[in-house]
$ cat upload.cif   # mmCIF, C-alpha atoms (C1' of nucleotides)
data_query
loop_
_atom_site.label_atom_id
_atom_site.label_comp_id
_atom_site.auth_asym_id
_atom_site.auth_seq_id
_atom_site.Cartn_x
_atom_site.Cartn_y
_atom_site.Cartn_z
CA MET A 83 -11.07 36.58 9.93
CA SER A 84 -10.05 33.02 9.76
CA LEU A 85 -12.69 30.38 9.30
CA LYS A 86 -13.65 28.46 12.35
CA ILE A 87 -12.72 24.88 12.55
CA ARG A 88 -16.10 23.35 13.14
CA LYS A 89 -16.28 21.04 16.08
CA ASN A 90 -15.51 17.70 14.65
CA ARG A 91 -18.67 15.69 14.18
CA ALA A 92 -16.49 12.68 14.52
CA ALA A 93 -16.37 13.63 18.17
CA ALA A 94 -19.68 11.86 18.33
CA LEU A 95 -17.78 8.96 16.84
CA PRO A 96 -15.20 7.09 18.91
CA PRO A 97 -12.39 9.24 20.32
CA THR A 98 -9.45 7.51 18.64
CA CYS A 99 -10.19 6.56 15.07
CA PRO A 100 -9.96 2.78 15.01
CA VAL A 101 -9.70 2.53 11.23
CA GLY A 102 -5.96 2.23 11.48
CA GLU A 103 -6.26 -0.58 14.01
CA CYS A 104 -8.04 -2.73 11.54
CA MET A 105 -6.18 -1.63 8.43
CA VAL A 106 -3.01 -2.94 10.04
CA MET A 107 -4.51 -6.37 9.49
CA LEU A 108 -5.97 -5.62 6.07
CA GLY A 109 -3.01 -3.58 4.92
CA GLY A 110 -0.79 -5.93 3.00
CA ALA A 111 -1.53 -6.81 -0.59
CA TRP A 112 -4.03 -9.65 -1.00
CA ALA A 113 -4.76 -9.79 2.74
CA PRO A 114 -8.51 -9.25 2.28
CA ASN A 115 -8.57 -11.85 -0.46
CA ILE A 116 -6.93 -14.41 1.81
CA ILE A 117 -9.52 -13.82 4.49
CA TRP A 118 -12.25 -14.00 1.89
CA TYR A 119 -11.11 -17.37 0.60
CA LEU A 120 -10.45 -18.78 4.05
CA SER A 121 -13.95 -17.75 5.08
CA GLY A 122 -15.08 -20.69 2.96
CA GLY A 123 -13.18 -23.12 5.18
CA PRO A 124 -9.60 -24.31 5.74
CA ARG A 125 -7.36 -24.30 2.73
CA ARG A 126 -3.84 -25.39 1.81
CA PHE A 127 -1.03 -23.19 0.58
CA SER A 128 -1.17 -24.32 -3.02
CA GLU A 129 -4.94 -24.15 -3.05
CA LEU A 130 -4.84 -20.55 -1.95
CA LYS A 131 -2.22 -19.85 -4.57
CA ILE A 132 -4.63 -21.16 -7.20
CA ASP A 133 -7.65 -19.46 -5.61
CA ILE A 134 -6.05 -16.06 -5.79
CA PRO A 135 -4.91 -15.46 -9.37
CA GLY A 136 -1.89 -13.23 -9.60
CA ILE A 137 -0.52 -13.72 -6.10
CA SER A 138 3.08 -14.90 -5.87
CA ALA A 139 4.30 -17.62 -3.54
CA LYS A 140 6.48 -15.12 -1.76
CA VAL A 141 3.70 -12.70 -0.96
CA LEU A 142 1.29 -15.46 -0.01
CA SER A 143 3.90 -16.91 2.33
CA THR A 144 4.69 -13.53 3.83
CA ARG A 145 1.05 -12.61 4.33
CA LEU A 146 0.16 -15.94 5.92
CA LYS A 147 3.07 -15.66 8.31
CA GLU A 148 2.15 -12.09 9.24
CA MET A 149 -1.47 -12.96 9.77
CA GLU A 150 -0.56 -15.95 11.87
CA GLU A 151 1.65 -13.79 14.08
CA LYS A 152 -1.18 -11.32 14.46
CA GLY A 153 -3.48 -14.15 15.43
CA ALA A 154 -5.90 -13.91 12.53
CA ILE A 155 -5.22 -17.35 11.11
CA GLU A 156 -4.04 -20.71 12.34
CA ARG A 157 -1.55 -23.01 10.67
CA ARG A 158 -1.90 -26.75 11.05
CA ILE A 159 0.41 -29.36 9.58
CA VAL A 160 -1.49 -32.43 8.47
CA PRO A 161 0.78 -35.49 8.73
CA THR A 162 0.13 -36.85 5.26
CA SER A 163 2.80 -37.65 2.77
CA PRO A 164 3.96 -35.24 1.57
CA PRO A 165 2.84 -33.26 4.63
CA SER A 166 0.24 -30.71 3.74
CA VAL A 167 -0.40 -27.51 5.61
CA GLU A 168 -3.82 -26.17 6.35
CA TYR A 169 -4.66 -22.58 7.08
CA ARG A 170 -7.88 -21.55 8.73
CA LEU A 171 -9.33 -18.42 10.25
CA SER A 172 -8.98 -18.15 14.00
CA ASP A 173 -11.79 -16.76 16.13
CA LEU A 174 -10.17 -13.38 15.72
CA GLY A 175 -9.91 -13.86 11.99
CA GLU A 176 -13.60 -14.67 11.78
CA GLU A 177 -14.27 -11.21 13.13
CA PHE A 178 -13.07 -9.79 9.85
CA VAL A 179 -15.52 -11.72 7.73
CA PRO A 180 -18.42 -9.27 8.11
CA ALA A 181 -16.12 -6.41 7.18
CA ILE A 182 -14.88 -8.27 4.13
CA HIS A 183 -18.44 -9.09 3.16
CA ALA A 184 -19.36 -5.44 3.44
CA ILE A 185 -16.39 -4.61 1.23
CA VAL A 186 -17.41 -7.24 -1.30
CA GLU A 187 -20.92 -5.86 -1.28
CA VAL A 188 -19.62 -2.44 -2.23
CA GLY A 189 -17.34 -4.03 -4.80
CA TYR A 190 -20.39 -5.38 -6.55
CA LYS A 191 -22.16 -2.07 -6.69
CA LEU A 192 -18.99 -0.46 -7.97
CA LYS A 193 -18.72 -3.01 -10.70
CA LEU A 194 -22.30 -2.52 -11.81
CA ARG A 195 -21.83 1.22 -11.75
CA ARG A 196 -18.67 1.02 -13.83
CA GLU A 197 -20.35 -1.19 -16.38
CA ALA A 198 -23.23 1.24 -16.61
CA LYS A 199 -20.76 4.06 -17.11
CA LEU A 200 -18.95 2.18 -19.85
CA ALA A 201 -22.25 1.50 -21.60
CA GLU A 202 -23.05 5.18 -21.34
CA GLU A 203 -19.68 6.13 -22.81
CA ALA A 204 -20.15 3.68 -25.63
CA ASP A 205 -23.45 5.41 -26.21
CA TRP A 206 -21.79 8.76 -26.14
CA GLN A 207 -19.27 7.57 -28.69
CA ASN A 208 -22.05 7.45 -31.21
CA VAL A 209 -22.92 3.79 -31.07
CA PRO A 210 -26.67 4.07 -31.28
CA GLN A 211 -27.32 0.36 -31.80
CA ALA A 212 -27.91 -1.87 -28.80
CA VAL A 213 -24.86 -3.20 -26.98
CA PRO A 214 -24.57 -6.87 -27.86
CA ALA A 215 -24.92 -9.13 -24.84
CA LEU A 216 -21.64 -10.75 -23.83
CA MET B 154 0.35 -39.19 -5.65
CA SER B 155 -0.28 -35.54 -5.71
CA LEU B 156 -2.82 -34.07 -3.33
CA LYS B 157 -6.12 -33.15 -4.82
CA ILE B 158 -7.00 -29.53 -5.06
CA ARG B 159 -10.24 -29.48 -3.17
CA LYS B 160 -13.13 -27.90 -4.96
CA ASN B 161 -13.01 -24.31 -3.92
CA ARG B 162 -15.71 -23.56 -1.40
CA ALA B 163 -15.49 -20.03 -2.62
CA ALA B 164 -17.25 -21.36 -5.69
CA ALA B 165 -20.35 -20.93 -3.58
CA LEU B 166 -19.20 -17.36 -3.24
CA PRO B 167 -19.38 -14.96 -6.20
CA PRO B 168 -17.53 -16.10 -9.33
CA THR B 169 -15.12 -13.20 -9.64
CA CYS B 170 -13.79 -12.09 -6.32
CA PRO B 171 -14.99 -8.51 -5.91
CA VAL B 172 -12.61 -7.66 -3.12
CA GLY B 173 -10.29 -5.97 -5.56
CA GLU B 174 -13.13 -3.88 -6.96
CA CYS B 175 -13.66 -2.23 -3.63
CA MET B 176 -10.07 -2.10 -2.54
CA VAL B 177 -9.36 0.07 -5.55
CA MET B 178 -11.35 2.72 -3.73
CA LEU B 179 -9.98 1.95 -0.30
CA GLY B 180 -6.44 1.38 -1.55
CA GLY B 181 -4.61 4.63 -1.05
CA ALA B 182 -3.27 5.60 2.31
CA TRP B 183 -5.84 7.27 4.60
CA ALA B 184 -8.70 6.65 2.18
CA PRO B 185 -10.80 4.78 4.75
CA ASN B 186 -10.12 7.50 7.30
CA ILE B 187 -11.35 10.16 4.90
CA ILE B 188 -14.59 8.29 4.33
CA TRP B 189 -14.93 7.76 8.06
CA TYR B 190 -14.60 11.44 8.85
CA LEU B 191 -16.81 12.53 5.99
CA SER B 192 -19.47 10.12 7.20
CA GLY B 193 -20.03 12.64 9.99
CA GLY B 194 -21.00 15.32 7.47
CA PRO B 195 -19.33 17.68 4.98
CA ARG B 196 -15.92 18.92 5.94
CA ARG B 197 -13.32 21.40 4.65
CA PHE B 198 -9.80 20.62 3.55
CA SER B 199 -8.08 22.05 6.57
CA GLU B 200 -10.61 20.47 8.91
CA LEU B 201 -9.87 17.07 7.44
CA LYS B 202 -6.18 17.74 7.78
CA ILE B 203 -6.69 18.35 11.48
CA ASP B 204 -9.13 15.47 11.86
CA ILE B 205 -6.64 12.98 10.51
CA PRO B 206 -3.43 13.32 12.47
CA GLY B 207 -0.38 12.46 10.45
CA ILE B 208 -1.77 12.98 6.99
CA SER B 209 0.15 15.38 4.75
CA ALA B 210 -1.50 18.03 2.60
CA LYS B 211 -0.18 16.37 -0.50
CA VAL B 212 -1.68 13.00 0.25
CA LEU B 213 -4.95 14.50 1.41
CA SER B 214 -5.14 16.52 -1.79
CA THR B 215 -4.25 13.51 -3.94
CA ARG B 216 -6.72 11.23 -2.22
CA LEU B 217 -9.57 13.75 -2.41
CA LYS B 218 -8.92 14.27 -6.10
CA GLU B 219 -8.80 10.55 -6.78
CA MET B 220 -11.95 9.89 -4.83
CA GLU B 221 -13.73 12.72 -6.57
CA GLU B 222 -12.75 11.30 -9.98
CA LYS B 223 -14.03 7.92 -8.89
CA GLY B 224 -17.27 9.51 -7.81
CA ALA B 225 -17.06 8.73 -4.11
CA ILE B 226 -17.01 12.33 -2.92
CA GLU B 227 -18.22 15.69 -4.10
CA ARG B 228 -16.35 18.95 -3.99
CA ARG B 229 -18.24 22.16 -3.49
CA ILE B 230 -16.80 25.65 -3.41
CA VAL B 231 -18.58 27.85 -0.92
CA PRO B 232 -18.40 31.49 -2.07
CA THR B 233 -17.20 32.95 1.20
CA SER B 234 -14.12 35.03 1.58
CA PRO B 235 -11.67 33.47 1.43
CA PRO B 236 -13.54 30.79 -0.51
CA SER B 237 -13.81 27.60 1.44
CA VAL B 238 -14.17 24.19 -0.08
CA GLU B 239 -16.45 21.53 1.26
CA TYR B 240 -16.11 17.84 0.64
CA ARG B 241 -18.95 15.44 1.20
CA LEU B 242 -19.71 11.83 0.44
CA SER B 243 -21.67 11.22 -2.75
CA ASP B 244 -24.39 8.59 -2.89
CA LEU B 245 -21.74 6.17 -4.06
CA GLY B 246 -19.45 7.21 -1.24
CA GLU B 247 -22.20 6.56 1.29
CA GLU B 248 -22.17 2.96 0.15
CA PHE B 249 -18.78 2.54 1.77
CA VAL B 250 -19.92 3.66 5.18
CA PRO B 251 -21.22 0.27 6.33
CA ALA B 252 -17.98 -1.36 5.23
CA ILE B 253 -15.95 1.23 7.10
CA HIS B 254 -18.12 0.76 10.15
CA ALA B 255 -17.53 -2.97 9.99
CA ILE B 256 -13.82 -2.27 9.78
CA VAL B 257 -13.97 0.09 12.72
CA GLU B 258 -15.89 -2.51 14.68
CA VAL B 259 -13.09 -5.00 14.16
CA GLY B 260 -10.56 -2.32 14.96
CA TYR B 261 -12.11 -2.00 18.40
CA LYS B 262 -11.99 -5.67 19.15
CA LEU B 263 -8.40 -5.76 17.99
CA LYS B 264 -7.53 -2.93 20.30
CA LEU B 265 -9.16 -4.59 23.27
CA ARG B 266 -7.45 -7.85 22.44
CA ARG B 267 -4.07 -6.18 22.17
CA GLU B 268 -4.52 -4.42 25.49
CA ALA B 269 -5.47 -7.70 27.13
CA LYS B 270 -2.38 -9.28 25.64
CA LEU B 271 -0.17 -6.49 26.94
CA ALA B 272 -1.67 -6.87 30.40
CA GLU B 273 -1.01 -10.57 30.23
CA GLU B 274 2.58 -9.99 29.21
CA ALA B 275 3.06 -7.53 32.02
CA ASP B 276 1.73 -10.22 34.29
CA TRP B 277 4.12 -12.73 32.83
CA GLN B 278 7.01 -10.38 33.37
CA ASN B 279 6.67 -10.93 37.09
CA VAL B 280 4.88 -7.75 38.01
CA PRO B 281 2.58 -9.09 40.71
CA GLN B 282 1.44 -5.71 42.00
CA ALA B 283 -1.46 -3.94 40.39
CA VAL B 284 -0.71 -1.89 37.31
CA PRO B 285 -0.99 1.77 38.32
CA ALA B 286 -3.76 3.56 36.50
CA LEU B 287 -2.47 6.05 33.96
"C1'" DG C 127 2.76 46.78 2.33
"C1'" DT C 128 3.49 43.00 4.83
"C1'" DT C 129 1.53 39.19 7.20
"C1'" DT C 130 -1.93 35.64 7.67
"C1'" DC C 131 -5.07 32.37 6.09
"C1'" DC C 132 -7.27 29.00 2.89
"C1'" DG C 133 -6.66 25.42 -0.14
"C1'" DG C 134 -4.02 23.51 -2.32
"C1'" DT C 135 0.40 22.22 -6.02
"C1'" DT C 136 5.06 21.12 -6.96
"C1'" DT C 137 9.50 19.24 -6.21
"C1'" DC C 138 12.59 16.13 -4.21
"C1'" DC C 139 13.86 12.04 -2.08
"C1'" DC C 140 13.62 7.56 -0.08
"C1'" DC C 141 12.49 3.02 1.15
"C1'" DG C 142 9.51 -0.60 1.34
"C1'" DC C 143 6.50 -3.43 -1.01
"C1'" DG C 144 5.72 -6.50 -4.29
"C1'" DG C 145 7.01 -9.23 -8.65
"C1'" DT C 146 10.35 -12.58 -10.81
"C1'" DA C 147 13.02 -16.27 -10.62
"C1'" DA C 148 15.95 -19.54 -8.72
"C1'" DC C 149 16.71 -22.74 -5.02
"C1'" DT C 150 15.58 -26.21 -1.09
"C1'" DG C 151 14.39 -30.73 0.85
"C1'" DG C 152 12.00 -34.71 1.71
"C1'" DA C 153 8.80 -38.19 -0.23
"C1'" DG C 154 6.79 -40.74 -3.82
"C1'" DA C 155 6.09 -41.91 -8.59
"C1'" DA C 156 7.88 -43.46 -13.17
"C1'" DT D 128 17.91 -42.37 -11.11
"C1'" DT D 129 15.41 -38.77 -12.31
"C1'" DC D 130 11.03 -36.19 -12.10
"C1'" DT D 131 7.38 -34.07 -9.81
"C1'" DC D 132 4.95 -32.26 -6.01
"C1'" DC D 133 4.23 -29.57 -1.63
"C1'" DA D 134 5.42 -25.75 0.83
"C1'" DG D 135 7.89 -22.65 1.08
"C1'" DT D 136 12.72 -19.39 1.28
"C1'" DT D 137 16.10 -16.34 -0.60
"C1'" DA D 138 18.21 -12.87 -3.54
"C1'" DC D 139 17.60 -9.19 -6.56
"C1'" DC D 140 15.41 -5.31 -8.69
"C1'" DG D 141 12.32 -1.55 -9.86
"C1'" DC D 142 8.99 1.84 -9.07
"C1'" DG D 143 5.67 4.18 -7.15
"C1'" DG D 144 3.56 5.84 -3.06
"C1'" DG D 145 4.15 8.68 0.63
"C1'" DG D 146 6.63 12.22 3.73
"C1'" DA D 147 8.82 16.94 4.08
"C1'" DA D 148 9.08 21.26 2.74
"C1'" DA D 149 8.80 25.00 -0.33
"C1'" DC D 150 5.84 27.59 -3.14
"C1'" DC D 151 1.42 29.99 -4.86
"C1'" DG D 152 -2.49 33.38 -5.48
"C1'" DG D 153 -6.15 35.95 -3.92
"C1'" DA D 154 -8.27 38.38 -0.12
"C1'" DA D 155 -8.45 40.44 4.10
"C1'" DA D 156 -6.53 41.96 8.34
"C1'" DC D 157 -3.09 44.72 10.63
#
$ encode --input "upload.cif" --output "structure tokens"
Amino acid sequence: MSLKIRKNRAAALPPTCPVGECMVMLGGAWAPNIIWYLSGGPRRFSELKIDIPGISAKVLSTRLKEMEEKGAIERRIVPTSPPSVEYRLSDLGEEFVPAIHAIVEVGYKLKLRREAKLAEEADWQNVPQAVPAL
Amino acid sequence: MSLKIRKNRAAALPPTCPVGECMVMLGGAWAPNIIWYLSGGPRRFSELKIDIPGISAKVLSTRLKEMEEKGAIERRIVPTSPPSVEYRLSDLGEEFVPAIHAIVEVGYKLKLRREAKLAEEADWQNVPQAVPAL
DNA sequence: GTTTCCGGTTTCCCCGCGGTAACTGGAGAA
DNA sequence: TTCTCCAGTTACCGCGGGGAAACCGGAAAC
């Protein structure tokens, strides 16, 4: 006899899984990082490029354009010379901040856990003396 | 004169951006969905496959294996016949649940917003009569 | 003994995403 | 005049992640 498919407990959860809805916004590379850094206030293109080590101008440009189209950020040209461009989170974009914070929170715990694991492995590799503080 | 790079407000935020730390876990396709559905309780392979429309067996298998290696989920073989396999969130995996919930929360708002926008566009397209209920 | 089911694994293929690097264009500095 | 800076854009290239589909092995049902 075939096993029963148990009634999905997620039925108690919302009918259509809205994870995808949000991941559309968080999907591209560096997207969460951009939101994270903009959550500190408006920021210029080149500032963001410096803020986020490893991101290329192309990807940053692409992501900002995408996110502007989706309504998560706003682009404002400041008439200085040379003209600078400021990006800021829109009201919609602000909605993501708690989610990003929750993600960051978990990131921390993960990091601590990984460090603990590494220490344990070092221990396992027959290094009985104390790990020197970095 | 070149524009000053404004002191990063994110400096008030944690020194190393931990977004990446967490996204490593949430990175693969469907990973957040898997956590979401497991947050309702343990679930078997084929149940998950049904729960998550569109996921392929290969990806589900890959993701589950990855997440098990990373310690986010636990795999338990139930000695029935045929043997069934249950997946459940580990303590570490549970840590992600608030983040996923935050994401889902935003997903909802996004959905509502998009529907409102569609309604508005329909309005704009000169459809003065009421939209028939589906 | 053949089919079904569970829980996958393996193979093949594709295309899309992201990295690299070069280029743009206007304004100011040197 | 040439250089640099800001804010990108464009062209090219590689690879790896994901989809589709076939395959697998043991057990039980038919």
$ atom_distance --input "upload.cif" --atom1 "atom CA of A:His183" --atom2 "atom CA of A:Glu150"
21.0 Å
$ residues_around --input "upload.cif" --residues "D:DG141" --least-positions-apart "4" --cutoff "12 Å" --atoms "all atoms listed in the file" --output "VMD selection string"
chain C and resid 141 to 146
$ interface_residues --input "upload.cif" --of "chain D" --to "chain B" --cutoff "10 Å" --atoms "all atoms listed in the file" --output "list in words"
DT131, DC132, DC133, DG144, DG145, DG146, DA147, DG153, DA154 and DA155 of chain D
$ write_last_selection --input "upload.cif" --atoms "C-alpha atoms (C1' of nucleotides)" --output "PDB file, in the coordinates of the input"
ATOM      1  C1'  DT D 131       7.380 -34.070  -9.810  1.00  0.00           C
ATOM      2  C1'  DC D 132       4.950 -32.260  -6.010  1.00  0.00           C
ATOM      3  C1'  DC D 133       4.230 -29.570  -1.630  1.00  0.00           C
ATOM      4  C1'  DG D 144       3.560   5.840  -3.060  1.00  0.00           C
ATOM      5  C1'  DG D 145       4.150   8.680   0.630  1.00  0.00           C
ATOM      6  C1'  DG D 146       6.630  12.220   3.730  1.00  0.00           C
ATOM      7  C1'  DA D 147       8.820  16.940   4.080  1.00  0.00           C
ATOM      8  C1'  DG D 153      -6.150  35.950  -3.920  1.00  0.00           C
ATOM      9  C1'  DA D 154      -8.270  38.380  -0.120  1.00  0.00           C
ATOM     10  C1'  DA D 155      -8.450  40.440   4.100  1.00  0.00           C
TER      11       DA D 155
END
$ atom_distance --input "upload.cif" --atom1 "atom CA of A:Ser128" --atom2 "atom CA of A:Glu103"
29.7 Å
$ resolve_selection --input "upload.cif" --expression "the PyMOL selection byres ((chain D and resi 136-139) around 10)" --output "number ranges by chain"
A: 139-140, 143; C: 146-150; D: 134-135, 140-141
$ closest_atom_pairs --input "upload.cif" --of "chain C" --to "chain B" --cutoff "12 Å" --atoms "only C-alpha atoms (C1' of nucleotides)" --output "JSON lines"
{"residue": "C:DT130", "atom": "C1'", "partner": "B:Pro235", "partner_atom": "CA", "distance": 11.8}
{"residue": "C:DC131", "atom": "C1'", "partner": "B:Pro235", "partner_atom": "CA", "distance": 8.2}
{"residue": "C:DC132", "atom": "C1'", "partner": "B:Pro235", "partner_atom": "CA", "distance": 6.4}
{"residue": "C:DG133", "atom": "C1'", "partner": "B:Phe198", "partner_atom": "CA", "distance": 6.8}
{"residue": "C:DG134", "atom": "C1'", "partner": "B:Ser214", "partner_atom": "CA", "distance": 7.1}
{"residue": "C:DT135", "atom": "C1'", "partner": "B:Lys211", "partner_atom": "CA", "distance": 8.1}
{"residue": "C:DT136", "atom": "C1'", "partner": "B:Lys211", "partner_atom": "CA", "distance": 9.6}
{"residue": "C:DT137", "atom": "C1'", "partner": "B:Lys211", "partner_atom": "CA", "distance": 11.6}
{"residue": "C:DA153", "atom": "C1'", "partner": "B:Met154", "partner_atom": "CA", "distance": 10.1}
{"residue": "C:DG154", "atom": "C1'", "partner": "B:Met154", "partner_atom": "CA", "distance": 6.9}
{"residue": "C:DA155", "atom": "C1'", "partner": "B:Met154", "partner_atom": "CA", "distance": 7.0}
{"residue": "C:DA156", "atom": "C1'", "partner": "B:Met154", "partner_atom": "CA", "distance": 11.5}
$ closest_residue --input "upload.cif" --among "A:Pro161, A:Gly189, A:Pro135, A:Pro124" --to "chain B" --atoms "all atoms listed in the file"
A:Gly189
$ atom_distance --input "upload.cif" --atom1 "atom CA of B:Glu268" --atom2 "atom CA of A:Glu151"
16.0 Å
$ interface_residues --input "upload.cif" --of "chain A" --to "chain B" --cutoff "7 Å" --atoms "all atoms listed in the file" --output "number ranges by chain"
A: 87, 91-92, 100-101, 103-104, 114-115, 119, 122, 129, 177-178, 180-181, 184-186, 188-190, 192-193
$ closest_residue --input "upload.cif" --among "B:Thr215, B:Ile188, B:Lys270, B:Ala275" --to "B:Tyr240" --atoms "only C-alpha atoms"
B:Ile188
